[in-house]
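Q: Sharing model-v2.cif below, mmCIF, C-alpha atoms and all ligand atoms:
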```
data_protein
loop_
_atom_site.label_atom_id
_atom_site.label_comp_id
_atom_site.auth_asym_id
_atom_site.auth_seq_id
_atom_site.Cartn_x
_atom_site.Cartn_y
_atom_site.Cartn_z
CA MET A 1 0.00 0.00 0.00
CA THR A 2 1.27 3.48 -0.85
CA GLY A 3 0.17 7.04 -0.13
CA ARG A 4 0.85 10.45 -1.65
CA VAL A 5 3.14 13.20 -0.35
CA ALA A 6 3.22 16.69 -1.90
CA VAL A 7 6.76 17.88 -2.70
CA LEU A 8 7.52 21.50 -3.65
CA LYS A 9 9.50 21.84 -6.89
CA ALA A 10 10.09 25.62 -7.00
CA TYR A 11 9.42 28.45 -4.56
CA GLY A 12 6.20 30.16 -5.51
CA GLY A 13 5.50 27.33 -7.95
CA ASP A 14 4.09 23.85 -8.23
CA PHE A 15 4.16 20.73 -6.09
CA GLU A 16 4.39 17.20 -7.38
CA LEU A 17 2.77 14.23 -5.69
CA ARG A 18 5.06 11.30 -4.91
CA GLU A 19 4.02 7.87 -3.69
CA TYR A 20 5.65 6.26 -0.67
CA PRO A 21 5.00 2.99 1.14
CA VAL A 22 2.61 3.35 4.09
CA PRO A 23 4.48 2.17 7.21
CA ASP A 24 3.19 -0.02 10.01
CA PRO A 25 3.35 1.95 13.25
CA GLU A 26 6.04 0.87 15.69
CA PRO A 27 5.07 0.42 19.37
CA GLY A 28 3.79 3.73 20.78
CA ALA A 29 3.26 5.32 17.35
CA VAL A 30 -0.01 6.10 15.55
CA LEU A 31 -0.64 6.09 11.82
CA VAL A 32 -3.28 8.69 10.92
CA ARG A 33 -5.21 8.76 7.65
CA LEU A 34 -5.40 12.50 7.08
CA SER A 35 -8.70 14.03 6.06
CA ARG A 36 -7.84 17.74 6.02
CA ALA A 37 -4.79 20.00 5.99
CA GLY A 38 -4.66 23.77 6.24
CA VAL A 39 -2.55 26.32 4.37
CA CYS A 40 -1.30 28.58 7.15
CA GLY A 41 0.57 31.89 6.97
CA SER A 42 3.85 30.18 7.82
CA ASP A 43 3.30 27.65 5.01
CA LEU A 44 2.90 30.59 2.63
CA HIS A 45 6.21 32.04 3.87
CA ILE A 46 7.90 28.72 3.04
CA TRP A 47 6.16 28.41 -0.34
CA ARG A 48 7.10 31.94 -1.39
CA GLY A 49 10.76 31.31 -0.53
CA GLU A 50 10.83 33.68 2.45
CA MET A 51 12.43 31.02 4.68
CA LYS A 52 15.44 30.18 2.47
CA GLU A 53 17.77 30.49 5.48
CA VAL A 54 16.06 27.42 6.86
CA TYR A 55 15.06 25.43 3.77
CA GLY A 56 17.75 26.30 1.25
CA ALA A 57 18.07 28.48 -1.85
CA LEU A 58 16.18 25.85 -3.86
CA PRO A 59 13.44 23.63 -2.42
CA ARG A 60 15.15 20.24 -2.83
CA ASP A 61 12.66 17.51 -1.99
CA LEU A 62 10.92 19.95 0.36
CA THR A 63 7.70 18.77 1.92
CA PHE A 64 5.86 20.60 4.69
CA GLY A 65 2.47 21.48 6.21
CA HIS A 66 1.56 21.29 9.90
CA GLU A 67 -2.18 22.00 10.30
CA MET A 68 -4.16 18.81 9.93
CA CYS A 69 -6.54 16.27 11.32
CA GLY A 70 -7.64 12.78 10.38
CA ARG A 71 -8.69 9.35 11.57
CA VAL A 72 -6.62 6.75 13.34
CA ALA A 73 -5.65 4.19 10.67
CA ARG A 74 -3.41 1.95 12.79
CA LEU A 75 -2.46 2.05 16.45
CA GLY A 76 1.04 0.95 17.40
CA ALA A 77 1.36 -1.62 20.16
CA GLY A 78 0.58 -0.19 23.57
CA VAL A 79 -1.48 2.81 22.43
CA THR A 80 -4.95 2.50 23.97
CA VAL A 81 -5.80 6.07 25.00
CA ASP A 82 -5.23 9.62 23.72
CA SER A 83 -3.16 12.20 25.64
CA ALA A 84 -6.18 13.13 27.76
CA GLY A 85 -6.77 9.49 28.71
CA GLN A 86 -9.80 8.89 26.47
CA PRO A 87 -10.00 5.42 24.91
CA LEU A 88 -8.62 5.43 21.38
CA GLN A 89 -9.57 3.11 18.55
CA GLU A 90 -8.96 2.81 14.85
CA GLY A 91 -11.35 5.15 13.02
CA ASP A 92 -11.40 7.79 15.78
CA ARG A 93 -10.98 11.38 14.60
CA VAL A 94 -7.87 12.99 16.08
CA ALA A 95 -5.90 16.24 16.21
CA PHE A 96 -2.24 16.22 17.30
CA LEU A 97 0.87 18.26 17.93
CA TYR A 98 3.17 18.71 14.91
CA PHE A 99 6.25 19.11 17.15
CA PHE A 100 7.62 16.96 19.93
CA PRO A 101 8.52 18.37 23.36
CA CYS A 102 11.02 16.06 25.08
CA GLY A 103 8.99 16.01 28.33
CA ARG A 104 12.13 15.42 30.41
CA CYS A 105 14.29 18.54 30.31
CA ARG A 106 14.42 21.31 32.88
CA VAL A 107 12.09 23.50 30.82
CA CYS A 108 9.48 20.75 30.29
CA LEU A 109 9.60 19.89 33.99
CA ARG A 110 8.70 23.50 34.77
CA ASP A 111 5.45 23.07 32.84
CA GLU A 112 6.75 24.91 29.76
CA MET A 113 6.70 22.14 27.17
CA GLY A 114 5.94 24.67 24.45
CA SER A 115 9.37 26.20 25.11
CA CYS A 116 11.26 22.89 25.21
CA PRO A 117 14.74 23.58 23.76
CA ARG A 118 15.09 19.91 22.76
CA LYS A 119 11.75 19.64 21.01
CA GLY A 120 11.75 17.45 17.93
CA ARG A 121 10.51 18.84 14.63
CA ALA A 122 9.19 17.35 11.45
CA ASN A 123 11.65 16.05 8.90
CA ARG A 124 10.95 18.05 5.74
CA VAL A 125 12.98 16.05 3.22
CA ALA A 126 10.59 13.94 1.15
CA GLY A 127 11.46 10.27 1.08
CA THR A 128 12.74 10.15 4.67
CA PRO A 129 11.20 7.15 6.48
CA PRO A 130 8.54 6.87 7.83
CA TYR A 131 7.71 9.12 4.81
CA PHE A 132 4.56 10.76 6.20
CA ASN A 133 6.13 13.46 8.35
CA ASN A 134 4.04 16.49 7.33
CA ALA A 135 0.49 17.58 6.59
CA TYR A 136 0.36 17.60 2.78
CA GLY A 137 -0.07 13.90 2.18
CA ASP A 138 -2.50 11.03 2.63
CA TYR A 139 -1.10 9.92 5.99
CA TYR A 140 0.70 11.25 9.03
CA TYR A 141 3.02 9.12 11.12
CA LEU A 142 2.75 10.27 14.73
CA ARG A 143 5.97 9.12 16.33
CA PRO A 144 6.02 7.42 19.76
CA GLY A 145 5.38 9.96 22.48
CA GLY A 146 3.51 12.33 20.14
CA PHE A 147 0.56 14.11 21.71
CA LEU A 148 -2.88 13.50 20.22
CA PHE A 149 -6.46 14.19 21.23
CA ARG A 150 -9.80 12.88 20.04
CA ILE A 151 -11.89 15.48 18.21
CA PRO A 152 -15.34 16.00 19.81
CA ASP A 153 -18.22 14.75 17.64
CA GLU A 154 -19.73 18.23 17.45
CA VAL A 155 -16.61 19.63 15.72
CA SER A 156 -16.27 19.02 11.97
CA ASP A 157 -12.93 18.26 10.30
CA ASP A 158 -12.97 21.69 8.63
CA VAL A 159 -13.33 23.45 11.97
CA ALA A 160 -10.81 21.15 13.72
CA THR A 161 -8.04 21.49 11.11
CA PRO A 162 -6.46 24.77 12.35
CA ALA A 163 -6.83 23.77 16.03
CA ASN A 164 -3.31 22.34 16.24
CA CYS A 165 -1.75 25.58 15.00
CA ALA A 166 -3.73 28.82 15.07
CA LEU A 167 -6.16 28.11 17.88
CA ALA A 168 -3.81 26.27 20.26
CA GLN A 169 -1.16 28.94 19.62
CA VAL A 170 -3.56 31.72 20.52
CA ILE A 171 -4.83 29.96 23.66
CA TYR A 172 -1.27 29.34 24.79
CA GLY A 173 -0.13 32.92 24.11
CA LEU A 174 -3.10 34.64 25.76
CA THR A 175 -2.92 32.30 28.76
CA ARG A 176 0.79 33.06 29.21
CA ALA A 177 -0.08 36.76 28.96
CA GLY A 178 -2.48 36.28 31.86
CA VAL A 179 -5.68 37.50 30.15
CA ARG A 180 -8.43 37.54 32.76
CA GLN A 181 -11.97 38.72 33.42
CA GLY A 182 -12.50 42.41 32.85
CA ASP A 183 -9.44 42.91 30.63
CA THR A 184 -9.28 45.06 27.55
CA VAL A 185 -7.45 43.13 24.83
CA VAL A 186 -6.20 44.68 21.58
CA VAL A 187 -5.71 42.29 18.65
CA GLN A 188 -3.44 43.59 15.90
CA GLY A 189 -4.38 41.83 12.66
CA ALA A 190 -7.62 39.96 11.95
CA GLY A 191 -6.29 37.03 9.91
CA GLY A 192 -6.84 33.42 10.97
CA LEU A 193 -4.86 33.82 14.20
CA GLY A 194 -6.28 37.23 15.05
CA LEU A 195 -9.89 36.13 14.59
CA ASN A 196 -9.29 33.15 16.85
CA ALA A 197 -7.70 35.53 19.36
CA VAL A 198 -10.79 37.73 19.39
CA ALA A 199 -12.99 34.74 20.23
CA VAL A 200 -10.57 33.27 22.78
CA ALA A 201 -10.07 36.59 24.60
CA ARG A 202 -13.84 36.90 24.86
CA ASP A 203 -14.12 33.33 26.11
CA MET A 204 -11.43 34.04 28.75
CA GLY A 205 -13.55 36.84 30.13
CA ALA A 206 -12.18 39.94 28.41
CA ASP A 207 -14.61 42.80 28.93
CA ARG A 208 -13.59 44.58 25.79
CA VAL A 209 -11.87 43.35 22.62
CA ILE A 210 -10.51 45.86 20.12
CA VAL A 211 -9.24 44.66 16.75
CA LEU A 212 -7.20 46.48 14.10
CA ASP A 213 -6.89 45.50 10.45
CA ARG A 214 -6.57 47.07 7.02
CA LEU A 215 -9.34 45.04 5.35
CA ALA A 216 -13.02 45.86 5.87
CA ALA A 217 -14.05 42.23 5.24
CA ARG A 218 -11.81 41.01 8.03
CA LEU A 219 -13.12 43.67 10.41
CA GLU A 220 -16.67 42.56 9.70
CA LEU A 221 -15.68 38.99 10.48
CA ALA A 222 -13.89 40.13 13.65
CA ARG A 223 -17.18 41.61 14.86
CA ALA A 224 -18.88 38.30 14.15
CA PHE A 225 -16.21 36.61 16.32
CA GLY A 226 -17.02 38.96 19.19
CA ALA A 227 -14.93 42.14 18.77
CA ASP A 228 -16.50 45.21 20.39
CA HIS A 229 -14.51 47.65 18.31
CA ALA A 230 -13.10 46.94 14.85
CA LEU A 231 -10.77 49.75 13.79
CA GLY A 232 -9.86 50.08 10.11
CA LEU A 233 -6.55 51.41 8.91
CA ALA A 234 -8.40 53.32 6.19
CA ASP A 235 -10.08 55.46 8.87
CA LEU A 236 -6.98 55.65 11.08
CA PRO A 237 -4.04 55.76 8.65
CA THR A 238 -1.27 56.71 11.12
CA PRO A 239 0.04 54.86 14.18
CA GLU A 240 -0.57 58.00 16.29
CA GLN A 241 -4.26 57.97 15.35
CA ARG A 242 -4.61 54.28 16.17
CA ILE A 243 -2.85 54.67 19.54
CA ALA A 244 -5.10 57.64 20.34
CA ALA A 245 -8.18 55.59 19.41
CA VAL A 246 -7.21 52.79 21.82
CA MET A 247 -6.47 55.34 24.55
CA ASP A 248 -9.89 56.92 23.96
CA LEU A 249 -11.63 53.56 24.21
CA THR A 250 -9.83 52.74 27.48
CA GLY A 251 -10.45 56.01 29.29
CA GLY A 252 -6.84 57.06 28.73
CA PHE A 253 -5.34 54.04 30.50
CA GLY A 254 -4.42 51.79 27.60
CA ALA A 255 -5.10 48.10 27.12
CA ASP A 256 -4.25 45.32 29.57
CA VAL A 257 -3.00 43.08 26.77
CA VAL A 258 -2.01 43.85 23.17
CA ALA A 259 -1.22 40.94 20.85
CA ASP A 260 0.47 41.03 17.43
CA PHE A 261 -0.86 38.67 14.77
CA VAL A 262 0.31 40.78 11.83
CA GLY A 263 3.93 39.71 11.53
CA TYR A 264 5.43 42.99 10.35
CA PRO A 265 7.82 44.63 12.83
CA GLU A 266 6.33 48.14 12.44
CA VAL A 267 3.27 47.12 14.43
CA VAL A 268 5.27 46.26 17.58
CA PRO A 269 6.22 49.80 18.76
CA GLU A 270 2.69 50.90 17.91
CA GLY A 271 1.18 48.09 19.96
CA LEU A 272 3.53 48.71 22.90
CA LYS A 273 2.28 52.30 23.04
CA MET A 274 -1.32 51.04 23.31
CA LEU A 275 -0.57 49.22 26.60
CA ARG A 276 -1.55 50.42 30.03
CA SER A 277 1.16 50.70 32.63
CA GLY A 278 1.94 47.14 33.74
CA GLY A 279 0.31 45.68 30.64
CA CYS A 280 1.50 42.73 28.58
CA TYR A 281 2.55 42.64 24.92
CA VAL A 282 2.19 39.28 23.17
CA GLU A 283 4.27 38.58 20.05
CA ILE A 284 3.03 35.69 17.92
CA GLY A 285 2.81 37.06 14.39
CA SER A 286 6.51 37.33 13.51
CA ILE A 287 7.70 34.03 12.09
CA ALA A 288 9.96 34.92 9.15
CA PRO A 289 13.53 35.82 10.21
CA GLY A 290 14.60 39.47 10.23
CA ASN A 291 11.60 41.19 11.84
CA VAL A 292 13.61 43.84 13.68
CA PHE A 293 11.91 46.64 15.58
CA SER A 294 13.26 49.58 17.54
CA TYR A 295 11.85 50.80 20.85
CA ASP A 296 12.97 52.82 23.85
CA ALA A 297 13.95 50.32 26.56
CA THR A 298 13.39 52.99 29.19
CA ALA A 299 9.74 53.15 28.17
CA LEU A 300 9.50 49.41 28.88
CA VAL A 301 10.97 49.98 32.34
CA ARG A 302 8.80 52.97 33.15
CA GLY A 303 5.76 51.17 31.80
CA ASN A 304 6.38 48.04 33.91
CA THR A 305 5.78 46.25 30.61
CA ARG A 306 5.65 42.50 30.29
CA LEU A 307 6.63 40.89 26.97
CA VAL A 308 5.49 37.40 26.01
CA GLY A 309 6.63 35.59 22.87
CA ALA A 310 4.81 32.43 21.93
CA SER A 311 5.99 29.84 19.42
CA ASN A 312 4.50 26.36 19.64
CA TYR A 313 2.58 25.49 22.77
CA SER A 314 2.27 23.04 25.61
CA PRO A 315 0.06 20.02 24.84
CA TRP A 316 -2.74 21.18 27.16
CA ALA A 317 -3.40 24.06 24.75
CA LEU A 318 -4.57 21.68 21.99
CA ASP A 319 -6.84 19.87 24.44
CA GLU A 320 -8.27 23.26 25.47
CA ALA A 321 -8.59 24.29 21.81
CA LEU A 322 -10.80 21.30 21.02
CA LYS A 323 -12.95 21.97 24.10
CA PHE A 324 -13.23 25.63 23.12
CA LEU A 325 -14.47 24.58 19.67
CA ARG A 326 -16.99 22.17 21.17
CA ARG A 327 -18.55 24.85 23.37
CA THR A 328 -18.54 27.65 20.76
CA VAL A 329 -19.05 25.88 17.42
CA GLY A 330 -22.75 26.71 17.19
CA THR A 331 -22.29 30.35 18.09
CA LEU A 332 -19.20 31.49 16.16
CA PRO A 333 -18.80 31.48 12.35
CA PHE A 334 -15.83 29.09 12.17
CA ASP A 335 -17.09 27.88 8.80
CA ARG A 336 -16.13 31.28 7.39
CA LEU A 337 -12.45 30.78 8.31
CA VAL A 338 -11.94 28.19 5.61
CA SER A 339 -12.75 29.80 2.30
CA HIS A 340 -11.82 27.12 -0.23
CA VAL A 341 -11.23 23.38 0.00
CA PHE A 342 -9.14 21.72 -2.71
CA PRO A 343 -8.37 18.03 -3.24
CA LEU A 344 -4.75 17.12 -2.47
CA ALA A 345 -4.14 16.67 -6.21
CA HIS A 346 -4.71 20.43 -6.57
CA VAL A 347 -2.31 21.48 -3.82
CA SER A 348 -0.52 23.96 -6.14
CA GLN A 349 -3.80 25.75 -6.83
CA ALA A 350 -4.57 25.80 -3.13
CA PHE A 351 -1.34 27.70 -2.48
CA GLN A 352 -1.97 30.18 -5.26
CA GLN A 353 -5.45 30.76 -3.87
CA ALA A 354 -4.21 31.12 -0.28
CA ASP A 355 -1.53 33.56 -1.42
CA TRP A 356 -4.15 35.66 -3.21
CA LEU A 357 -6.45 35.53 -0.19
CA GLN A 358 -3.70 36.61 2.17
CA ARG A 359 -2.99 39.60 -0.03
CA GLY A 360 -6.61 40.62 0.43
CA GLY A 361 -8.01 39.44 -2.87
CA ALA A 362 -11.34 38.17 -1.58
CA GLY A 363 -14.74 39.44 -0.71
CA LEU A 364 -16.38 38.62 2.58
CA ARG A 365 -15.09 35.08 2.85
CA ILE A 366 -11.50 35.70 3.80
CA SER A 367 -8.68 33.68 5.16
CA ARG A 368 -7.64 30.17 4.47
CA ALA A 369 -7.54 27.53 1.84
CA ALA A 370 -7.57 23.90 2.96
CA LEU A 371 -6.83 20.55 1.38
CA SER A 372 -8.98 17.47 1.45
CA MET A 373 -7.43 14.02 1.35
CA VAL A 374 -10.72 12.12 1.35
CA ASP A 375 -12.84 13.49 -1.49
ZN ZN B 1 -0.02 27.16 11.15
ZN ZN B 2 12.01 19.43 27.02
#
```
Using structure tokens, write down the structure from this file.
Ligand SMILES: [Zn+2]
Ligand SMILES: [Zn+2]

A:
Amino acid sequence: MTGRVAVLKAYGGDFELREYPVPDPEPGAVLVRLSRAGVCGSDLHIWRGEMKEVYGALPRDLTFGHEMCGRVARLGAGVTVDSAGQPLQEGDRVAFLYFFPCGRCRVCLRDEMGSCPRKGRANRVAGTPPYFNNAYGDYYYLRPGGFLFRIPDEVSDDVATPANCALAQVIYGLTRAGVRQGDTVVVQGAGGLGLNAVAVARDMGADRVIVLDRLAARLELARAFGADHALGLADLPTPEQRIAAVMDLTGGFGADVVADFVGYPEVVPEGLKMLRSGGCYVEIGSIAPGNVFSYDATALVRGNTRLVGASNYSPWALDEALKFLRRTVGTLPFDRLVSHVFPLAHVSQAFQQADWLQRGGAGLRISRAALSMVD
């Protein structure tokens, strides 16, 4: 039996599908038949060739993708439950971490598995056994010790697909920032991550959620996800105007938490100036190397500012993400976060579409393209 893996041939260009033998899971491992994969902002960075420092000047045998879900195809010996202790059987729908905290180092032992310096990552060279190491393929081989969780019945595959990246990342970042009841939270950027952040901040008890974006369609969607104030860059073209608007909305105090989901360094000084004294700035959006910003360190001291960076997350965040989806799926328009679903055979088109969408080339249905491996 073989399965397909999508391999990128040229940055900004096409993939080809290669067939590899489907492995039997070793003890402790799980073979997942993927049903969906998402095209995330970081995947677009890789595809466009903006991560050449990491993946090389030419994409030799490069395969990637990290947002996904599927059904258990084969359980390795000894695997009887998921990471939350629920019984696990072949055919169960599952979401899982795409990175591998060691669980034994000093950082992991301090309950910071998301920051594990020894965490394992996916092998991105196509043809490396066990072959199915990334999201753009028919299968995923979850290595022994990988964290996985059953997807609640109420949550569709489309809604569950970004849970292991965007949603878990947001929950982890906002939790580390200490968002609590009564807070005012500013969300910079209403893309996939930012929209999730609006909903999660609300769910965590934020009294007021303010979102900033350049696209009217995204602002409208941010309101649908629970934003109280959606500020457009067309109305507030300068950073000074946007800072003043946040100050106005917070009675001159500033926000308790400001979080960047834009990924351009210019927004960081602007966001820092929107904070109240003692507030927390959360940096999640910057993922391509070289996002340098400049800011007066004395202002950080005088402002008693806390800074939180968040890359990857501790496994509990994915468990919480799936529970969050179960309790909000009927009330929030998650279906509008996935704009187009392509079969795996059309993965190149999916990337072109996602690239166009990210540049703002869509009407009301914004955001992400996804791949289907089952129809
Ligand atoms: Zn992602
Ligand atoms: Zn560790």

Q: Please check which protein, DNA or RNA residues sit within 7 Å of ligand ZN 2 (chain B), counting all atoms listed in the file, and write them as a PyMOL selection string.

A: chain A and resi 101-108+113+116-119

Q: Find the residues around Lys323 of chain A up to 12 Å (all atoms listed in the file counted), leave out those fewer than 2 positions away in its own chain, and share them as a PDB file with C-alpha atoms, in the frame of the given file.

A:
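And here's out.pdb as it stands now:
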```pdb
ATOM      1  CA  ALA A  84      -6.180  13.130  27.760  1.00  0.00           C
ATOM      2  CA  PHE A 149      -6.460  14.190  21.230  1.00  0.00           C
ATOM      3  CA  ARG A 150      -9.800  12.880  20.040  1.00  0.00           C
ATOM      4  CA  ILE A 151     -11.890  15.480  18.210  1.00  0.00           C
ATOM      5  CA  PRO A 152     -15.340  16.000  19.810  1.00  0.00           C
ATOM      6  CA  ASP A 153     -18.220  14.750  17.640  1.00  0.00           C
ATOM      7  CA  GLU A 154     -19.730  18.230  17.450  1.00  0.00           C
ATOM      8  CA  VAL A 155     -16.610  19.630  15.720  1.00  0.00           C
ATOM      9  CA  ALA A 160     -10.810  21.150  13.720  1.00  0.00           C
ATOM     10  CA  ALA A 163      -6.830  23.770  16.030  1.00  0.00           C
ATOM     11  CA  LEU A 167      -6.160  28.110  17.880  1.00  0.00           C
ATOM     12  CA  ALA A 168      -3.810  26.270  20.260  1.00  0.00           C
ATOM     13  CA  ILE A 171      -4.830  29.960  23.660  1.00  0.00           C
ATOM     14  CA  VAL A 200     -10.570  33.270  22.780  1.00  0.00           C
ATOM     15  CA  ASP A 203     -14.120  33.330  26.110  1.00  0.00           C
ATOM     16  CA  TRP A 316      -2.740  21.180  27.160  1.00  0.00           C
ATOM     17  CA  ALA A 317      -3.400  24.060  24.750  1.00  0.00           C
ATOM     18  CA  LEU A 318      -4.570  21.680  21.990  1.00  0.00           C
ATOM     19  CA  ASP A 319      -6.840  19.870  24.440  1.00  0.00           C
ATOM     20  CA  GLU A 320      -8.270  23.260  25.470  1.00  0.00           C
ATOM     21  CA  ALA A 321      -8.590  24.290  21.810  1.00  0.00           C
ATOM     22  CA  LEU A 325     -14.470  24.580  19.670  1.00  0.00           C
ATOM     23  CA  ARG A 326     -16.990  22.170  21.170  1.00  0.00           C
ATOM     24  CA  ARG A 327     -18.550  24.850  23.370  1.00  0.00           C
ATOM     25  CA  THR A 328     -18.540  27.650  20.760  1.00  0.00           C
ATOM     26  CA  VAL A 329     -19.050  25.880  17.420  1.00  0.00           C
TER      27      VAL A 329
END
```

Q: Within 9 Å of ligand ZN 1 (chain B), counting all atoms listed in the file, which protein or nucleic acid residues do you find, written as a PyMOL selection string?

A: chain A and resi 38-43+65-67+162+164-166+169+193

Q: Identify, on the basis of only C-alpha atoms, every residue whose closest approach to Gly252 of chain A does not exceed 12 Å; exclude the query and any residue fewer than 3 positions from it along the same chain; express the result as an MDAnalysis selection string.

A: chainID A and resid 243:249 255 273:277

Q: Choose the residue, out of A:Val81, A:Asp158, A:Thr2, A:Phe15, that has the smallest atom-to-atom separation from Ala345 of chain A; count only C-alpha atoms.

A: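 Under the stated criterion, the closest residue is A:Phe15.
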
Q: Select, counting only C-alpha atoms, all protein, DNA and RNA residues no farther than 8 Å from (-0.6, 10.5, 16.0) in file coordinates, and express the selection as a PyMOL selection string.

A: chain A and resi 29-32+72+94-96+140-143+146-148

Q: Which of these residues is nearest to Glu53 of chain A, using only C-alpha atoms: A:Ala288, A:Phe334, A:Pro343, A:Phe253?

A: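 Of all the options, A:Ala288 lies closest to Glu53 of chain A.
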
Q: For the atom pair atom CA of Gly28 of chain A and atom CA of Val159 of chain A, what is the interatomic distance in Å to one decimal place?

A: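 Taking atom CA of Gly28 of chain A as the start and atom CA of Val159 of chain A as the end point, the length is 27.6 Å.
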
Q: Smallest atom-to-atom distance to Ile287 of chain A: which of A:Arg124, A:Ile210, A:Pro265, A:Asp335, using all atoms listed in the file?

A: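 Of the candidates, the smallest distance to Ile287 of chain A is held by A:Pro265.
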
Q: Considering only C-alpha atoms, return as a list in words whatever protein or nucleic-acid residues lie within 7 Å of Gly309 of chain A, sequence-local ones (same chain, fewer than 2 positions apart) excluded.

A: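 After dropping sequence-adjacent residues, the list is Val282, Glu283, Ile284, Leu307 and Ser311 of chain A.
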